[in-house]
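Asks: Dumping the structure here so I can ask a few things about it.
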Amino acid sequence: MSQGRVESMVDEVFNDRSVAVVTGASSGLGYAVASLFAQTGYQVVLVGRDPSRVTAAIERFPLDIAPFASGYACDVTDQNDVQKLFEFVKIQYGKLHVLVNCVGKSDRGLLQDISAKQMQHLFEVNVLSSLYCTQGALPLLEQSGGVVLNVGSLASKVGARYIGGYSTVKHALAGLTQQFRLELKHRGVHVCLLSPGPIKRSDEGQRYRDQVDSNLPDQANRPGGGTRVKGLSPEYVAQVALTMIQKRQADRVLPRYLRLLIAIGNMWPRIGDWLLLKFTSSKN
């Protein structure tokens, strides 16, 4: 077989693949999503703020899927940076089918103590990043009839102890997601929200230690601010994200049994508050 024919066959493989952009892909859930998508037939663009971490993430990909991954360093809270990201996607691939907004940041503390600067930063990372990326990706997604998946949190649905700022901005992300879904439906673009509980991490119990005020209990440093919900593996959450995109589902809560409790809380707020306090209590 000639070299030209080999190159042609490789080009066909790449051209046949749908293209997905995953933000926050250098570690954690974002990395799990990008890896799974590459394994299941996507050409994936891993987006992260730190170029070295993005490169290192791609180098961790198995050899058989590494050719289907590329990286792009971008600050997704900077609208100009985001515009350049999607110009790159257009030039490099000429198409886009999926955008996964996986960038997020939590906090620890009481809402009564949070500063305007802290709240603004949380809003930029958790909400404006998704706004900018969705706006930037829209022309390409409209051409393909594509999907936007925003990664929220249980905190998108309910309040919780010690993560008041995070809960506030994740509720805003839920509103942004539904509004985009309504606005873009007639343009063929589907927008959905995945709201998982705490996700297992290698640094559990340490990540927020320097943010926890001495007046707060030790549980504030734990995942979800100490919520008594078992941690989810990033691989499992990534699989749910893929299913939502493939089936164009609108909204998923993980673990699934909490959806009923959330519905009860919405219908009867006093019962909802009691359930929330129970699930975030430090007592067994």
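FYI, nothing fancy with the structure tokens labels: chains A, B, ... in order, residues from 1 per chain, ligands from 1 as they appear.
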Using only C-alpha atoms, which protein or nucleic acid residues come within 9 Å of Ala69 of chain A? Drop anything in the same chain fewer than 4 positions from it, and give the result as number ranges by chain.
Replies: A: 34-35, 38, 42-46, 58, 61, 65
Asks: Based on DSSP run over this structure's backbone, return all residues of segment 1-108 of chain A in strand (DSSP E), as a ChimeraX atom specification.
Replies: /A:18-23,42-48,69-73,98-101
Asks: Could you pull out the residues in segment 85-208 of chain A that DSSP calls alpha helix (DSSP H) from the backbone, as a PyMOL selection string?
Replies: chain A and resi 85-93+116-123+129-144+164-184
Asks: Residues of the last selection are to be written out with C-alpha atoms, as an mmCIF file, in the first residue's frame.
Replies:
```cif
data_model
loop_
_atom_site.group_PDB
_atom_site.id
_atom_site.type_symbol
_atom_site.label_atom_id
_atom_site.label_comp_id
_atom_site.auth_asym_id
_atom_site.auth_seq_id
_atom_site.Cartn_x
_atom_site.Cartn_y
_atom_site.Cartn_z
ATOM 1 C CA LEU A 85 -10.396 28.740 21.049
ATOM 2 C CA PHE A 86 -13.323 28.284 18.700
ATOM 3 C CA GLU A 87 -11.485 29.950 15.832
ATOM 4 C CA PHE A 88 -8.870 27.225 16.355
ATOM 5 C CA VAL A 89 -11.556 24.520 16.311
ATOM 6 C CA LYS A 90 -13.026 25.925 13.107
ATOM 7 C CA ILE A 91 -9.657 26.116 11.361
ATOM 8 C CA GLN A 92 -8.412 22.766 12.645
ATOM 9 C CA TYR A 93 -11.571 20.673 12.218
ATOM 10 C CA ALA A 116 -18.181 40.518 46.714
ATOM 11 C CA LYS A 117 -14.798 39.760 45.137
ATOM 12 C CA GLN A 118 -15.031 36.068 46.087
ATOM 13 C CA MET A 119 -18.579 35.819 44.746
ATOM 14 C CA GLN A 120 -17.615 37.536 41.513
ATOM 15 C CA HIS A 121 -14.743 35.087 41.010
ATOM 16 C CA LEU A 122 -17.016 32.087 41.611
ATOM 17 C CA PHE A 123 -19.535 33.511 39.140
ATOM 18 C CA SER A 129 -17.146 30.396 31.477
ATOM 19 C CA SER A 130 -20.148 28.382 30.244
ATOM 20 C CA LEU A 131 -21.794 31.493 28.812
ATOM 21 C CA TYR A 132 -18.702 32.505 26.839
ATOM 22 C CA CYS A 133 -18.003 28.982 25.576
ATOM 23 C CA THR A 134 -21.595 28.379 24.496
ATOM 24 C CA GLN A 135 -21.719 31.699 22.683
ATOM 25 C CA GLY A 136 -18.378 31.001 21.011
ATOM 26 C CA ALA A 137 -19.310 27.473 19.959
ATOM 27 C CA LEU A 138 -22.817 28.301 18.754
ATOM 28 C CA PRO A 139 -22.111 28.932 15.040
ATOM 29 C CA LEU A 140 -20.403 25.534 14.675
ATOM 30 C CA LEU A 141 -22.943 23.711 16.860
ATOM 31 C CA GLU A 142 -25.810 25.150 14.850
ATOM 32 C CA GLN A 143 -24.296 23.712 11.678
ATOM 33 C CA SER A 144 -24.099 20.226 13.207
ATOM 34 C CA GLY A 164 -23.032 28.975 50.035
ATOM 35 C CA GLY A 165 -21.159 30.826 47.299
ATOM 36 C CA TYR A 166 -20.826 27.693 45.196
ATOM 37 C CA SER A 167 -24.499 26.826 45.607
ATOM 38 C CA THR A 168 -25.511 30.345 44.580
ATOM 39 C CA VAL A 169 -23.538 30.344 41.334
ATOM 40 C CA LYS A 170 -24.431 26.744 40.467
ATOM 41 C CA HIS A 171 -28.103 27.692 40.756
ATOM 42 C CA ALA A 172 -27.304 30.462 38.280
ATOM 43 C CA LEU A 173 -25.712 27.883 35.955
ATOM 44 C CA ALA A 174 -28.899 25.793 36.114
ATOM 45 C CA GLY A 175 -30.911 28.850 35.091
ATOM 46 C CA LEU A 176 -28.494 29.678 32.283
ATOM 47 C CA THR A 177 -28.718 26.087 31.003
ATOM 48 C CA GLN A 178 -32.508 26.036 30.861
ATOM 49 C CA GLN A 179 -32.639 29.463 29.248
ATOM 50 C CA PHE A 180 -30.171 28.405 26.540
ATOM 51 C CA ARG A 181 -32.133 25.167 26.000
ATOM 52 C CA LEU A 182 -35.320 27.160 25.349
ATOM 53 C CA GLU A 183 -33.617 29.743 23.154
ATOM 54 C CA LEU A 184 -31.604 27.323 21.025
#
```
Asks: Using only C-alpha atoms, determine which residues lie at most 10 Å from Asp78 of chain A, disregarding the query and same-chain residues fewer than 3 positions distant; provide the list as a PDB file with C-alpha atoms, in the first residue's frame.
Replies:
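Everything below was put into selection.pdb:
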```pdb
ATOM      1  CA  CYS A  74      -7.372  28.850  27.261  1.00  0.00           C
ATOM      2  CA  ASP A  75      -8.709  30.942  30.118  1.00  0.00           C
ATOM      3  CA  ASP A  81      -9.479  33.826  24.786  1.00  0.00           C
ATOM      4  CA  VAL A  82     -12.627  31.765  24.257  1.00  0.00           C
ATOM      5  CA  GLN A  83     -13.204  33.328  20.846  1.00  0.00           C
ATOM      6  CA  GLU A 124     -16.869  34.019  36.487  1.00  0.00           C
ATOM      7  CA  VAL A 125     -15.528  30.478  36.804  1.00  0.00           C
ATOM      8  CA  LEU A 128     -19.514  33.114  32.710  1.00  0.00           C
ATOM      9  CA  SER A 129     -17.146  30.396  31.477  1.00  0.00           C
ATOM     10  CA  TYR A 132     -18.702  32.505  26.839  1.00  0.00           C
ATOM     11  CA  CYS A 133     -18.003  28.982  25.576  1.00  0.00           C
TER      12      CYS A 133
END
```
Asks: What is the atom CA of Gly41 of chain A to atom CA of Ser18 of chain A distance in Å?
Replies: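 Distance reported for this atom pair: 7.1 Å.
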Asks: Counting only C-alpha atoms, which residue out of A:Arg49, A:Val158, A:Cys192, A:Lys200 sits closest to Phe279 of chain A?
Replies: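 Smallest distance to Phe279 of chain A is found for A:Val158.
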Asks: Kindly indicate which residue among A:Leu154, A:Val237, A:Val191, A:Leu216 lies nearest to Arg259 of chain A, using only C-alpha atoms for the distances.
Replies: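 Nearest to Arg259 of chain A: A:Leu154.
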Asks: Can you work out the spacing between atom CA of Gly146 of chain A and atom CA of His97 of chain A in Å, to one decimal?
Replies: 4.5 Å
Asks: Counting only C-alpha atoms, which residue out of A:Pro196, A:Pro51, A:Pro269, A:Gly145 sits closest to Val229 of chain A?
Replies: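 The answer is A:Pro196, which sits nearest to Val229 of chain A.
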